[in-house]
$ cat coords-v1.pdb   # PDB, C-alpha atoms and all ligand atoms
ATOM      1  CA  MET X 152     -63.454  82.798  73.476
ATOM      2  CA  ASN X 153     -62.604  80.672  76.461
ATOM      3  CA  VAL X 154     -61.814  77.292  75.008
ATOM      4  CA  GLN X 155     -61.687  74.365  77.414
ATOM      5  CA  ILE X 156     -59.932  71.314  76.129
ATOM      6  CA  SER X 157     -58.484  68.637  78.350
ATOM      7  CA  ASP X 158     -54.748  68.145  77.682
ATOM      8  CA  VAL X 159     -54.477  71.830  76.744
ATOM      9  CA  SER X 160     -53.372  74.448  79.257
ATOM     10  CA  GLN X 161     -53.159  78.193  78.731
ATOM     11  CA  SER X 162     -50.629  80.386  80.516
ATOM     12  CA  ASN X 163     -48.265  83.291  79.997
ATOM     13  CA  GLY X 164     -45.023  82.292  78.313
ATOM     14  CA  LYS X 165     -41.829  84.212  77.608
ATOM     15  CA  GLY X 166     -42.185  87.992  77.558
ATOM     16  CA  GLY X 167     -45.574  87.494  79.253
ATOM     17  CA  LEU X 168     -47.094  86.459  75.901
ATOM     18  CA  PRO X 169     -50.025  84.034  76.145
ATOM     19  CA  LYS X 170     -49.362  80.487  74.997
ATOM     20  CA  ILE X 171     -50.954  77.108  75.093
ATOM     21  CA  ASP X 172     -49.330  73.815  75.949
ATOM     22  CA  ILE X 173     -50.612  70.572  74.538
ATOM     23  CA  THR X 174     -49.796  67.098  75.752
ATOM     24  CA  THR X 175     -50.749  63.839  74.105
ATOM     25  CA  HIS X 176     -49.626  60.360  75.079
ATOM     26  CA  SER X 177     -46.877  60.467  72.428
ATOM     27  CA  SER X 178     -45.878  64.126  72.172
ATOM     28  CA  SER X 179     -45.997  67.675  73.474
ATOM     29  CA  ALA X 180     -46.346  71.046  71.773
ATOM     30  CA  GLU X 181     -46.412  74.748  72.621
ATOM     31  CA  ILE X 182     -48.154  77.467  70.615
ATOM     32  CA  TYR X 183     -48.015  81.228  71.193
ATOM     33  CA  LEU X 184     -51.056  83.283  70.202
ATOM     34  CA  HIS X 185     -48.554  85.879  68.948
ATOM     35  CA  GLY X 186     -48.310  84.793  65.310
ATOM     36  CA  ALA X 187     -50.225  81.551  66.060
ATOM     37  CA  HIS X 188     -46.657  80.410  66.388
ATOM     38  CA  VAL X 189     -45.835  76.773  67.161
ATOM     39  CA  THR X 190     -42.619  77.025  69.192
ATOM     40  CA  LYS X 191     -42.325  73.384  70.208
ATOM     41  CA  PHE X 192     -43.174  69.941  68.929
ATOM     42  CA  GLN X 193     -41.465  67.010  70.559
ATOM     43  CA  LYS X 194     -42.187  63.319  70.535
ATOM     44  CA  THR X 195     -41.796  61.715  73.945
ATOM     45  CA  GLY X 196     -38.231  60.437  74.396
ATOM     46  CA  GLU X 197     -36.882  62.218  71.290
ATOM     47  CA  PRO X 198     -35.081  65.537  70.760
ATOM     48  CA  PRO X 199     -37.375  68.412  69.703
ATOM     49  CA  VAL X 200     -38.391  68.415  66.036
ATOM     50  CA  LEU X 201     -38.489  72.216  65.871
ATOM     51  CA  PHE X 202     -35.516  74.481  66.427
ATOM     52  CA  MET X 203     -35.953  77.568  68.645
ATOM     53  CA  SER X 204     -33.321  80.274  68.887
ATOM     54  CA  GLN X 205     -32.131  81.044  72.421
ATOM     55  CA  SER X 206     -31.920  84.694  71.283
ATOM     56  CA  SER X 207     -35.498  84.919  70.021
ATOM     57  CA  ARG X 208     -37.526  87.943  70.955
ATOM     58  CA  PHE X 209     -40.856  87.335  72.588
ATOM     59  CA  GLN X 210     -42.454  90.706  72.245
ATOM     60  CA  SER X 211     -45.367  92.360  70.563
ATOM     61  CA  GLY X 212     -44.433  93.706  67.114
ATOM     62  CA  SER X 213     -41.471  91.324  66.622
ATOM     63  CA  PRO X 214     -41.441  87.885  65.067
ATOM     64  CA  ILE X 215     -40.439  84.821  67.078
ATOM     65  CA  ARG X 216     -37.211  83.211  65.767
ATOM     66  CA  GLY X 217     -37.662  79.461  65.381
ATOM     67  CA  GLY X 218     -40.601  77.069  65.436
ATOM     68  CA  ILE X 219     -43.144  77.704  62.683
ATOM     69  CA  PRO X 220     -43.655  81.357  61.717
ATOM     70  CA  VAL X 221     -46.875  81.763  59.719
ATOM     71  CA  ILE X 222     -45.971  83.928  56.716
ATOM     72  CA  PHE X 223     -48.837  85.767  55.006
ATOM     73  CA  PRO X 224     -49.803  87.724  52.854
ATOM     74  CA  TRP X 225     -46.358  88.300  51.330
ATOM     75  CA  PHE X 226     -43.113  86.352  51.434
ATOM     76  CA  GLY X 227     -39.767  88.136  51.859
ATOM     77  CA  ALA X 228     -39.188  91.847  51.528
ATOM     78  CA  ARG X 229     -41.927  94.358  50.662
ATOM     79  CA  GLU X 230     -41.028  98.014  50.441
ATOM     80  CA  GLY X 231     -42.222 100.059  53.389
ATOM     81  CA  HIS X 232     -43.461  96.964  55.213
ATOM     82  CA  PRO X 233     -42.006  94.342  57.545
ATOM     83  CA  ALA X 234     -40.500  91.253  55.899
ATOM     84  CA  HIS X 235     -42.673  88.148  55.514
ATOM     85  CA  GLY X 236     -46.059  89.784  56.078
ATOM     86  CA  PHE X 237     -48.011  90.711  59.172
ATOM     87  CA  ALA X 238     -49.493  87.343  60.179
ATOM     88  CA  ARG X 239     -46.447  86.451  62.293
ATOM     89  CA  LEU X 240     -46.555  89.836  64.057
ATOM     90  CA  GLN X 241     -50.169  89.815  65.170
ATOM     91  CA  ASP X 242     -51.953  88.105  68.010
ATOM     92  CA  TRP X 243     -54.312  85.418  66.758
ATOM     93  CA  GLU X 244     -57.394  84.246  68.628
ATOM     94  CA  LEU X 245     -57.853  80.711  69.845
ATOM     95  CA  THR X 246     -61.266  79.895  68.392
ATOM     96  CA  GLY X 247     -61.703  76.247  69.190
ATOM     97  CA  GLY X 248     -60.244  72.862  69.777
ATOM     98  CA  SER X 249     -61.026  69.289  70.522
ATOM     99  CA  ASP X 250     -59.509  66.097  71.763
ATOM    100  CA  VAL X 251     -59.759  64.183  68.532
ATOM    101  CA  SER X 252     -58.905  61.060  70.526
ATOM    102  CA  ASN X 253     -56.724  60.403  73.543
ATOM    103  CA  SER X 254     -53.735  60.420  71.203
ATOM    104  CA  SER X 255     -54.510  63.561  69.219
ATOM    105  CA  VAL X 256     -55.463  67.148  70.094
ATOM    106  CA  ALA X 257     -56.581  69.783  67.580
ATOM    107  CA  VAL X 258     -56.728  73.563  68.073
ATOM    108  CA  ARG X 259     -57.894  76.334  65.782
ATOM    109  CA  PHE X 260     -56.921  80.004  65.501
ATOM    110  CA  ALA X 261     -58.215  83.011  63.554
ATOM    111  CA  LEU X 262     -56.459  86.236  62.596
ATOM    112  CA  PRO X 263     -58.566  89.180  63.789
ATOM    113  CA  PRO X 264     -58.998  92.247  61.530
ATOM    114  CA  SER X 265     -56.473  95.053  62.109
ATOM    115  CA  ASP X 266     -55.116  98.165  60.402
ATOM    116  CA  ALA X 267     -52.689  95.931  58.483
ATOM    117  CA  THR X 268     -55.391  93.598  57.158
ATOM    118  CA  LYS X 269     -57.502  96.542  55.935
ATOM    119  CA  GLU X 270     -55.020  97.233  53.109
ATOM    120  CA  PHE X 271     -56.091  93.961  51.485
ATOM    121  CA  PRO X 272     -59.352  92.669  50.042
ATOM    122  CA  ALA X 273     -61.526  91.255  52.837
ATOM    123  CA  PHE X 274     -60.309  87.781  53.807
ATOM    124  CA  ALA X 275     -60.455  85.254  56.615
ATOM    125  CA  ALA X 276     -57.282  83.538  57.818
ATOM    126  CA  GLU X 277     -57.607  80.427  59.968
ATOM    127  CA  TYR X 278     -54.938  78.110  61.292
ATOM    128  CA  PHE X 279     -55.466  74.542  62.445
ATOM    129  CA  VAL X 280     -52.872  72.616  64.440
ATOM    130  CA  THR X 281     -53.235  68.926  65.242
ATOM    131  CA  VAL X 282     -50.783  67.359  67.657
ATOM    132  CA  SER X 283     -50.319  63.595  67.785
ATOM    133  CA  ASP X 284     -47.266  61.471  67.003
ATOM    134  CA  SER X 285     -46.941  63.859  64.065
ATOM    135  CA  LEU X 286     -47.638  67.590  63.827
ATOM    136  CA  LYS X 287     -50.191  68.711  61.270
ATOM    137  CA  CYS X 288     -50.717  72.390  60.470
ATOM    138  CA  GLU X 289     -53.133  73.919  57.995
ATOM    139  CA  LEU X 290     -53.369  77.575  56.970
ATOM    140  CA  ARG X 291     -56.712  78.340  55.352
ATOM    141  CA  ILE X 292     -57.338  81.637  53.555
ATOM    142  CA  THR X 293     -60.807  82.571  52.299
ATOM    143  CA  ASN X 294     -61.419  85.473  49.946
ATOM    144  CA  LYS X 295     -64.405  87.286  51.471
ATOM    145  CA  SER X 296     -64.269  90.153  48.965
ATOM    146  CA  GLN X 297     -65.839  90.701  45.561
ATOM    147  CA  GLN X 298     -62.477  90.870  43.768
ATOM    148  CA  ASN X 299     -59.579  88.502  43.204
ATOM    149  CA  PHE X 300     -57.145  88.280  46.115
ATOM    150  CA  THR X 301     -53.482  87.530  45.346
ATOM    151  CA  PHE X 302     -51.045  86.663  48.135
ATOM    152  CA  GLU X 303     -48.098  84.531  49.180
ATOM    153  CA  ASP X 304     -48.159  82.218  52.193
ATOM    154  CA  CYS X 305     -45.661  79.989  53.927
ATOM    155  CA  LEU X 306     -45.199  77.781  56.969
ATOM    156  CA  HIS X 307     -41.591  78.791  57.596
ATOM    157  CA  THR X 308     -40.540  75.772  59.629
ATOM    158  CA  TYR X 309     -37.239  75.703  61.551
ATOM    159  CA  PHE X 310     -36.039  72.132  62.161
ATOM    160  CA  GLN X 311     -33.599  71.080  64.836
ATOM    161  CA  VAL X 312     -30.680  69.022  63.529
ATOM    162  CA  GLY X 313     -27.690  67.451  65.307
ATOM    163  CA  ASP X 314     -25.057  69.088  63.089
ATOM    164  CA  ILE X 315     -25.653  70.964  59.830
ATOM    165  CA  ASN X 316     -22.537  69.286  58.395
ATOM    166  CA  GLN X 317     -24.104  65.865  58.930
ATOM    167  CA  ILE X 318     -27.486  66.312  57.280
ATOM    168  CA  SER X 319     -28.781  66.007  53.758
ATOM    169  CA  VAL X 320     -32.094  67.143  52.334
ATOM    170  CA  THR X 321     -33.873  64.957  49.799
ATOM    171  CA  GLY X 322     -36.945  65.314  47.572
ATOM    172  CA  LEU X 323     -36.010  68.340  45.470
ATOM    173  CA  LYS X 324     -33.898  66.821  42.677
ATOM    174  CA  GLY X 325     -34.871  68.201  39.273
ATOM    175  CA  ALA X 326     -36.834  71.153  40.713
ATOM    176  CA  ALA X 327     -36.150  74.659  39.400
ATOM    177  CA  TYR X 328     -35.157  77.162  42.068
ATOM    178  CA  LEU X 329     -34.479  80.851  42.528
ATOM    179  CA  ASP X 330     -31.131  81.309  44.222
ATOM    180  CA  GLN X 331     -31.545  84.283  46.545
ATOM    181  CA  MET X 332     -27.769  84.237  47.118
ATOM    182  CA  GLU X 333     -27.291  85.117  43.432
ATOM    183  CA  ASN X 334     -29.965  87.741  42.930
ATOM    184  CA  PHE X 335     -32.727  85.200  42.278
ATOM    185  CA  ALA X 336     -30.802  83.403  39.477
ATOM    186  CA  ARG X 337     -32.865  80.508  38.147
ATOM    187  CA  LYS X 338     -31.184  77.115  38.531
ATOM    188  CA  THR X 339     -32.105  73.436  38.575
ATOM    189  CA  GLU X 340     -31.412  71.186  41.543
ATOM    190  CA  ALA X 341     -29.002  68.455  40.463
ATOM    191  CA  ASN X 342     -28.653  66.651  43.785
ATOM    192  CA  ASP X 343     -30.686  63.850  45.198
ATOM    193  CA  GLN X 344     -29.122  64.545  48.616
ATOM    194  CA  ILE X 345     -28.535  68.264  49.142
ATOM    195  CA  LYS X 346     -25.697  69.151  51.535
ATOM    196  CA  ILE X 347     -25.479  72.558  53.176
ATOM    197  CA  ASN X 348     -21.991  74.025  53.628
ATOM    198  CA  CYS X 349     -22.515  77.752  53.062
ATOM    199  CA  GLU X 350     -25.290  80.362  53.335
ATOM    200  CA  THR X 351     -28.223  78.830  51.487
ATOM    201  CA  ASP X 352     -31.415  80.641  50.513
ATOM    202  CA  ARG X 353     -33.421  79.066  47.710
ATOM    203  CA  ILE X 354     -37.024  79.131  46.563
ATOM    204  CA  TYR X 355     -37.784  75.818  44.841
ATOM    205  CA  LEU X 356     -40.676  76.245  42.422
ATOM    206  CA  ASP X 357     -43.516  74.040  41.229
ATOM    207  CA  THR X 358     -42.770  71.287  43.683
ATOM    208  CA  GLU X 359     -45.267  69.638  45.984
ATOM    209  CA  SER X 360     -42.894  66.794  46.866
ATOM    210  CA  THR X 361     -42.344  65.468  50.330
ATOM    211  CA  VAL X 362     -38.935  66.574  51.588
ATOM    212  CA  GLU X 363     -36.857  64.624  54.087
ATOM    213  CA  ILE X 364     -34.027  65.759  56.333
ATOM    214  CA  LEU X 365     -31.636  62.883  56.938
ATOM    215  CA  ASP X 366     -29.772  63.566  60.176
ATOM    216  CA  GLN X 367     -26.753  61.295  60.718
ATOM    217  CA  LYS X 368     -25.949  62.743  64.148
ATOM    218  CA  LEU X 369     -29.412  62.458  65.704
ATOM    219  CA  LYS X 370     -29.931  59.290  63.630
ATOM    220  CA  ARG X 371     -33.348  60.372  62.537
ATOM    221  CA  ARG X 372     -35.269  61.290  59.452
ATOM    222  CA  ILE X 373     -37.690  64.233  59.531
ATOM    223  CA  ARG X 374     -40.407  63.929  56.916
ATOM    224  CA  ILE X 375     -42.147  67.060  55.644
ATOM    225  CA  ALA X 376     -45.240  66.080  53.672
ATOM    226  CA  LYS X 377     -47.364  68.892  52.301
ATOM    227  CA  SER X 378     -50.320  69.807  50.113
ATOM    228  CA  GLY X 379     -51.584  73.085  48.690
ATOM    229  CA  SER X 380     -47.999  74.342  48.589
ATOM    230  CA  ARG X 381     -46.220  74.772  45.260
ATOM    231  CA  SER X 382     -42.886  76.112  46.573
ATOM    232  CA  THR X 383     -40.298  74.912  49.082
ATOM    233  CA  VAL X 384     -37.741  77.265  50.592
ATOM    234  CA  LEU X 385     -34.445  75.932  51.912
ATOM    235  CA  TRP X 386     -32.612  78.324  54.222
ATOM    236  CA  ASN X 387     -29.612  78.365  56.512
ATOM    237  CA  PRO X 388     -27.973  81.735  57.359
ATOM    238  CA  TRP X 389     -24.473  80.240  57.941
ATOM    239  CA  ILE X 390     -21.710  82.300  59.606
ATOM    240  CA  GLU X 391     -21.878  85.948  58.549
ATOM    241  CA  LYS X 392     -25.643  86.317  58.307
ATOM    242  CA  SER X 393     -26.049  84.662  61.724
ATOM    243  CA  LYS X 394     -23.812  87.371  63.179
ATOM    244  CA  ARG X 395     -25.951  90.058  61.547
ATOM    245  CA  MET X 396     -29.200  88.716  62.970
ATOM    246  CA  PRO X 397     -29.795  90.237  66.439
ATOM    247  CA  ASP X 398     -32.320  87.580  67.431
ATOM    248  CA  PHE X 399     -30.230  84.564  66.457
ATOM    249  CA  GLY X 400     -27.120  83.156  68.161
ATOM    250  CA  ASP X 401     -23.847  83.310  66.216
ATOM    251  CA  ASP X 402     -23.386  79.539  66.359
ATOM    252  CA  GLU X 403     -26.987  78.401  66.141
ATOM    253  CA  PHE X 404     -26.842  77.807  62.380
ATOM    254  CA  HIS X 405     -25.062  74.507  63.193
ATOM    255  CA  ARG X 406     -28.225  73.095  64.743
ATOM    256  CA  MET X 407     -30.996  74.205  62.395
ATOM    257  CA  VAL X 408     -32.281  74.179  58.870
ATOM    258  CA  CYS X 409     -35.443  75.761  57.501
ATOM    259  CA  VAL X 410     -37.527  73.771  55.052
ATOM    260  CA  GLU X 411     -40.448  76.053  54.351
ATOM    261  CA  SER X 412     -43.685  74.978  52.694
ATOM    262  CA  CYS X 413     -44.888  77.974  50.709
ATOM    263  CA  ASN X 414     -46.680  79.508  47.786
ATOM    264  CA  ALA X 415     -44.075  82.151  46.979
ATOM    265  CA  ALA X 416     -42.679  84.161  44.055
ATOM    266  CA  GLU X 417     -44.268  82.929  40.812
ATOM    267  CA  ASN X 418     -46.223  80.357  42.838
ATOM    268  CA  LYS X 419     -48.195  83.077  44.619
ATOM    269  CA  ARG X 420     -51.908  82.316  44.877
ATOM    270  CA  THR X 421     -54.940  84.099  43.507
ATOM    271  CA  LEU X 422     -58.349  83.338  45.014
ATOM    272  CA  ALA X 423     -61.564  84.262  43.236
ATOM    273  CA  PRO X 424     -64.327  85.795  45.414
ATOM    274  CA  GLY X 425     -65.548  83.164  47.903
ATOM    275  CA  GLU X 426     -62.687  80.764  47.203
ATOM    276  CA  THR X 427     -60.588  79.145  49.984
ATOM    277  CA  SER X 428     -56.976  77.961  49.846
ATOM    278  CA  SER X 429     -55.507  75.347  52.159
ATOM    279  CA  LEU X 430     -51.777  74.946  52.810
ATOM    280  CA  LYS X 431     -51.058  71.831  54.867
ATOM    281  CA  ILE X 432     -47.943  70.289  56.339
ATOM    282  CA  ASP X 433     -47.512  67.012  58.162
ATOM    283  CA  LEU X 434     -44.247  66.672  60.102
ATOM    284  CA  SER X 435     -43.129  63.263  61.303
ATOM    285  CA  THR X 436     -39.939  61.528  62.332
ATOM    286  CA  ALA X 437     -38.500  58.039  61.983
ATOM    287  CA  PRO X 438     -35.182  56.455  62.888
ATOM    288  CA  LEU X 439     -32.563  56.725  60.159
TER     289      LEU X 439
HETATM  290  C1  LIG Q 501     -36.320  82.943  54.554
HETATM  291  C2  LIG Q 501     -35.844  83.843  53.461
HETATM  292  O1  LIG Q 501     -37.575  82.453  54.221
HETATM  293  O2  LIG Q 501     -36.438  83.682  55.766
HETATM  294  C3  LIG Q 501     -34.521  84.474  53.862
HETATM  295  O3  LIG Q 501     -35.714  83.101  52.254
HETATM  296  C4  LIG Q 501     -34.661  85.190  55.185
HETATM  297  O4  LIG Q 501     -34.096  85.376  52.841
HETATM  298  C5  LIG Q 501     -35.208  84.212  56.212
HETATM  299  O5  LIG Q 501     -33.394  85.662  55.597
HETATM  300  C6  LIG Q 501     -35.444  84.840  57.584
HETATM  301  O6  LIG Q 501     -36.247  85.963  57.462
HETATM  302  P1  LIG Q 501     -36.586  86.852  58.728
HETATM  303  O7  LIG Q 501     -37.416  87.993  58.217
HETATM  304  O8  LIG Q 501     -37.360  85.965  59.676
HETATM  305  O9  LIG Q 501     -35.265  87.276  59.309
END
$ encode --input "coords-v1.pdb" --output "structure tokens"
Amino acid sequence: MNVQISDVSQSNGKGGLPKIDITTHSSSAEIYLHGAHVTKFQKTGEPPVLFMSQSSRFQSGSPIRGGIPVIFPWFGAREGHPAHGFARLQDWELTGGSDVSNSSVAVRFALPPSDATKEFPAFAAEYFVTVSDSLKCELRITNKSQQNFTFEDCLHTYFQVGDINQISVTGLKGAAYLDQMENFARKTEANDQIKINCETDRIYLDTESTVEILDQKLKRRIRIAKSGSRSTVLWNPWIEKSKRMPDFGDDEFHRMVCVESCNAAENKRTLAPGETSSLKIDLSTAPL
């Protein structure tokens, strides 16, 4: 479909992969069709909200490192399959868009059927991105089959921070989490302000709370509001894992943190025939 929207331009980006650029009077954004992957959201006059690795691959069959990978229909490892599902590895179609107003632009994507999708009950996956002075993303899954469809999904957002040693993450106090650094040990978050000073990989369960990243260096607060998401993943690879990741710079862990809005592990979703799920995030910033 050839979608014409003013303030949206389509071109070939890195690795020759098609992308769209969106400009509004308060912000700009970039989205690759590969993975329906938002690789940039920046408010005019501010540092980017999303972190992008300088070592990211931009090639068919590989995920993009940074921005907002769309994770579906499984989260994490799955034997004999690529990590984090196939949605981030496939090319999505741009199916529509509109200038909601002169300050807001919305675009819509759909995941076309493929060999990978055929393994699952028939479903439709759609992704809606609205760019204004905040960034709103919605992943909608509809069960088109006659049986229940169980899956995990996640908007695996990488945020840019000034210095990992000068941030704290709020909104998760009291939540139970699975600590992936200790073989999924179940723990309870004791801290109102979580500091990150080592490899951190946690799946917080049964929490729909808004999370904030308080960034002392950039003097800003990033607010991650969400709905239709029962889990939050907090991830930073720190020193050794960064070195092991071929598509991530050794020192880049200083400038990023992932706060991922998911339905993962025991919060996986089951849709009855005909049912639709909606996972939404709304990312905004304010001075600290
Ligand atoms: C996080 C996982 O969501 O994604 C981590 O909790 C994982 O365990 C990270 O390392 C990155 O995954 P990938 O597949 O993009 O390297």
$ closest_atom_pairs --input "coords-v1.pdb" --of "chain X" --to "ligand LIG 501 (chain Q)" --cutoff "10 Å" --atoms "all atoms listed in the file" --output "CSV"
residue,atom,partner,partner_atom,distance
X:Ser213,CA,Q:LIG501,O8,9.7
X:Pro214,CA,Q:LIG501,O8,7.0
X:Ile215,CA,Q:LIG501,O8,8.1
X:Arg216,CA,Q:LIG501,O8,6.7
X:Gly217,CA,Q:LIG501,O8,8.7
X:Pro220,CA,Q:LIG501,O8,8.1
X:Ile222,CA,Q:LIG501,O1,8.9
X:Phe226,CA,Q:LIG501,O1,7.3
X:Gly227,CA,Q:LIG501,C2,6.0
X:Ala228,CA,Q:LIG501,O7,7.9
X:Pro233,CA,Q:LIG501,O7,7.9
X:Ala234,CA,Q:LIG501,O7,5.1
X:His235,CA,Q:LIG501,O7,5.9
X:Gly236,CA,Q:LIG501,O7,9.1
X:Arg239,CA,Q:LIG501,O8,9.5
X:Cys305,CA,Q:LIG501,O1,8.5
X:Leu306,CA,Q:LIG501,O1,9.4
X:His307,CA,Q:LIG501,O1,6.4
X:Thr308,CA,Q:LIG501,O1,9.1
X:Tyr309,CA,Q:LIG501,O2,9.9
X:Asp330,CA,Q:LIG501,O3,9.4
X:Gln331,CA,Q:LIG501,O4,6.9
X:Met332,CA,Q:LIG501,O4,8.6
X:Glu350,CA,Q:LIG501,O5,9.9
X:Thr351,CA,Q:LIG501,O3,8.7
X:Asp352,CA,Q:LIG501,O3,5.3
X:Arg353,CA,Q:LIG501,O3,6.5
X:Ile354,CA,Q:LIG501,O3,7.1
X:Thr383,CA,Q:LIG501,O1,9.5
X:Val384,CA,Q:LIG501,O1,6.3
X:Leu385,CA,Q:LIG501,O3,7.3
X:Trp386,CA,Q:LIG501,C1,5.9
X:Asn387,CA,Q:LIG501,C5,8.1
X:Pro388,CA,Q:LIG501,O5,6.9
X:Lys392,CA,Q:LIG501,O5,8.2
X:Ser393,CA,Q:LIG501,O5,9.6
X:Arg395,CA,Q:LIG501,O9,10.0
X:Met396,CA,Q:LIG501,O9,7.2
X:Pro397,CA,Q:LIG501,O9,9.5
X:Asp398,CA,Q:LIG501,O9,8.6
X:Phe399,CA,Q:LIG501,O9,9.2
X:Cys409,CA,Q:LIG501,O1,7.8
X:Val410,CA,Q:LIG501,O1,8.7
X:Glu411,CA,Q:LIG501,O1,7.0
X:Ser412,CA,Q:LIG501,O1,9.8
X:Cys413,CA,Q:LIG501,O1,9.3
X:Ala415,CA,Q:LIG501,O1,9.7
$ closest_residue --input "coords-v1.pdb" --among "X:Gly218, X:Leu168, X:Asn163, X:Gly313" --to "Thr190 of chain X" --atoms "all atoms listed in the file"
X:Gly218
$ residues_around --input "coords-v1.pdb" --residues "Thr174 of chain X" --least-positions-apart "4" --cutoff "7 Å" --atoms "all atoms listed in the file" --output "list in words"
Asp158, Val159, Ser178, Ser179 and Ala180 of chain X
$ residues_around --input "coords-v1.pdb" --residues "Asn342 of chain X" --least-positions-apart "6" --cutoff "8 Å" --atoms "only C-alpha atoms" --output "ChimeraX atom specification"
/X:323-325
$ write_last_selection --input "coords-v1.pdb" --atoms "C-alpha atoms" --output "mmCIF file, in the frame of the given file"
data_model
loop_
_atom_site.group_PDB
_atom_site.id
_atom_site.type_symbol
_atom_site.label_atom_id
_atom_site.label_comp_id
_atom_site.auth_asym_id
_atom_site.auth_seq_id
_atom_site.Cartn_x
_atom_site.Cartn_y
_atom_site.Cartn_z
ATOM 1 C CA LEU X 323 -36.010 68.340 45.470
ATOM 2 C CA LYS X 324 -33.898 66.821 42.677
ATOM 3 C CA GLY X 325 -34.871 68.201 39.273
#
$ resolve_selection --input "coords-v1.pdb" --expression "the PyMOL selection byres (((chain X and resi 197-199) around 10) and not hetatm)" --output "NGL selection string"
:X and (178-180 or 191-196 or 200-203 or 310-313 or 369 or 371 or 436)
$ resolve_selection --input "coords-v1.pdb" --expression "the PyMOL selection byres (((chain X and resi 314) around 8) and not hetatm)" --output "MDAnalysis selection string"
chainID X and resid 312:313 315:318 366 368 405:407
$ closest_atom_pairs --input "coords-v1.pdb" --of "segment 285-320 of chain X" --to "segment 260-263 of chain X" --cutoff "12 Å" --atoms "all atoms listed in the file" --output "tab-separated table"
residue	atom	partner	partner_atom	distance
X:Cys288	CA	X:Phe260	CA	11.0
X:Glu289	CA	X:Phe260	CA	10.4
X:Leu290	CA	X:Phe260	CA	9.6
X:Arg291	CA	X:Ala261	CA	9.6
X:Ile292	CA	X:Ala261	CA	10.1
X:Thr293	CA	X:Ala261	CA	11.6
$ resolve_selection --input "coords-v1.pdb" --expression "the PyMOL selection byres (((chain X and resi 171) around 8) and not hetatm)" --output "count of residues only"
12
$ closest_residue --input "coords-v1.pdb" --among "X:Lys346, X:Arg259, X:His176, X:Arg208" --to "Asp284 of chain X" --atoms "only C-alpha atoms"
X:His176
$ closest_residue --input "coords-v1.pdb" --among "X:Val258, X:Ala187, X:Ala238, X:Ala276" --to "Ser429 of chain X" --atoms "only C-alpha atoms"
X:Ala276
$ axis_aligned_box --input "coords-v1.pdb" --around "segment 277-288 of chain X" --padding-each-side "5 Å" --output "AutoDock Vina command-line options"
--center_x -52.3 --center_y 70.9 --center_z 63.9 --size_x 20.7 --size_y 29.0 --size_z 17.8
$ residues_around --input "coords-v1.pdb" --residues "Phe302 of chain X" --least-positions-apart "3" --cutoff "6 Å" --atoms "only C-alpha atoms" --output "ChimeraX atom specification"
/X:224-225,419-420
$ closest_residue --input "coords-v1.pdb" --among "X:Gly322, X:Gly425, X:Pro438, X:Gly400" --to "Val362 of chain X" --atoms "only C-alpha atoms"
X:Gly322
$ atom_distance --input "coords-v1.pdb" --atom1 "atom CA of Gly247 of chain X" --atom2 "atom CA of Ala275 of chain X"
15.5 Å
$ build_atoms --input "coords-v1.pdb" --residues "segment 265-272 of chain X" --atoms "N, CA, C and O atoms" --output "PDB file, in the coordinates of the input"
ATOM      1  N   SER X 265     -57.335  94.021  61.516  1.00  0.00           N
ATOM      2  CA  SER X 265     -56.473  95.053  62.109  1.00  0.00           C
ATOM      3  C   SER X 265     -56.214  96.105  61.038  1.00  0.00           C
ATOM      4  O   SER X 265     -56.644  95.947  59.890  1.00  0.00           O
ATOM      5  N   ASP X 266     -55.474  97.153  61.399  1.00  0.00           N
ATOM      6  CA  ASP X 266     -55.116  98.165  60.402  1.00  0.00           C
ATOM      7  C   ASP X 266     -54.360  97.526  59.237  1.00  0.00           C
ATOM      8  O   ASP X 266     -54.555  97.883  58.084  1.00  0.00           O
ATOM      9  N   ALA X 267     -53.491  96.568  59.541  1.00  0.00           N
ATOM     10  CA  ALA X 267     -52.689  95.931  58.483  1.00  0.00           C
ATOM     11  C   ALA X 267     -53.574  95.139  57.519  1.00  0.00           C
ATOM     12  O   ALA X 267     -53.358  95.170  56.308  1.00  0.00           O
ATOM     13  N   THR X 268     -54.572  94.444  58.034  1.00  0.00           N
ATOM     14  CA  THR X 268     -55.391  93.598  57.158  1.00  0.00           C
ATOM     15  C   THR X 268     -56.283  94.451  56.252  1.00  0.00           C
ATOM     16  O   THR X 268     -56.654  94.015  55.168  1.00  0.00           O
ATOM     17  N   LYS X 269     -56.578  95.679  56.701  1.00  0.00           N
ATOM     18  CA  LYS X 269     -57.502  96.542  55.935  1.00  0.00           C
ATOM     19  C   LYS X 269     -56.960  96.946  54.573  1.00  0.00           C
ATOM     20  O   LYS X 269     -57.714  97.317  53.690  1.00  0.00           O
ATOM     21  N   GLU X 270     -55.632  96.879  54.406  1.00  0.00           N
ATOM     22  CA  GLU X 270     -55.020  97.233  53.109  1.00  0.00           C
ATOM     23  C   GLU X 270     -55.370  96.232  52.023  1.00  0.00           C
ATOM     24  O   GLU X 270     -55.109  96.460  50.851  1.00  0.00           O
ATOM     25  N   PHE X 271     -55.883  95.072  52.421  1.00  0.00           N
ATOM     26  CA  PHE X 271     -56.091  93.961  51.485  1.00  0.00           C
ATOM     27  C   PHE X 271     -57.580  93.717  51.280  1.00  0.00           C
ATOM     28  O   PHE X 271     -58.396  94.135  52.109  1.00  0.00           O
ATOM     29  N   PRO X 272     -57.946  93.050  50.183  1.00  0.00           N
ATOM     30  CA  PRO X 272     -59.352  92.669  50.042  1.00  0.00           C
ATOM     31  C   PRO X 272     -59.795  91.872  51.273  1.00  0.00           C
ATOM     32  O   PRO X 272     -58.966  91.191  51.892  1.00  0.00           O
TER      33      PRO X 272
END
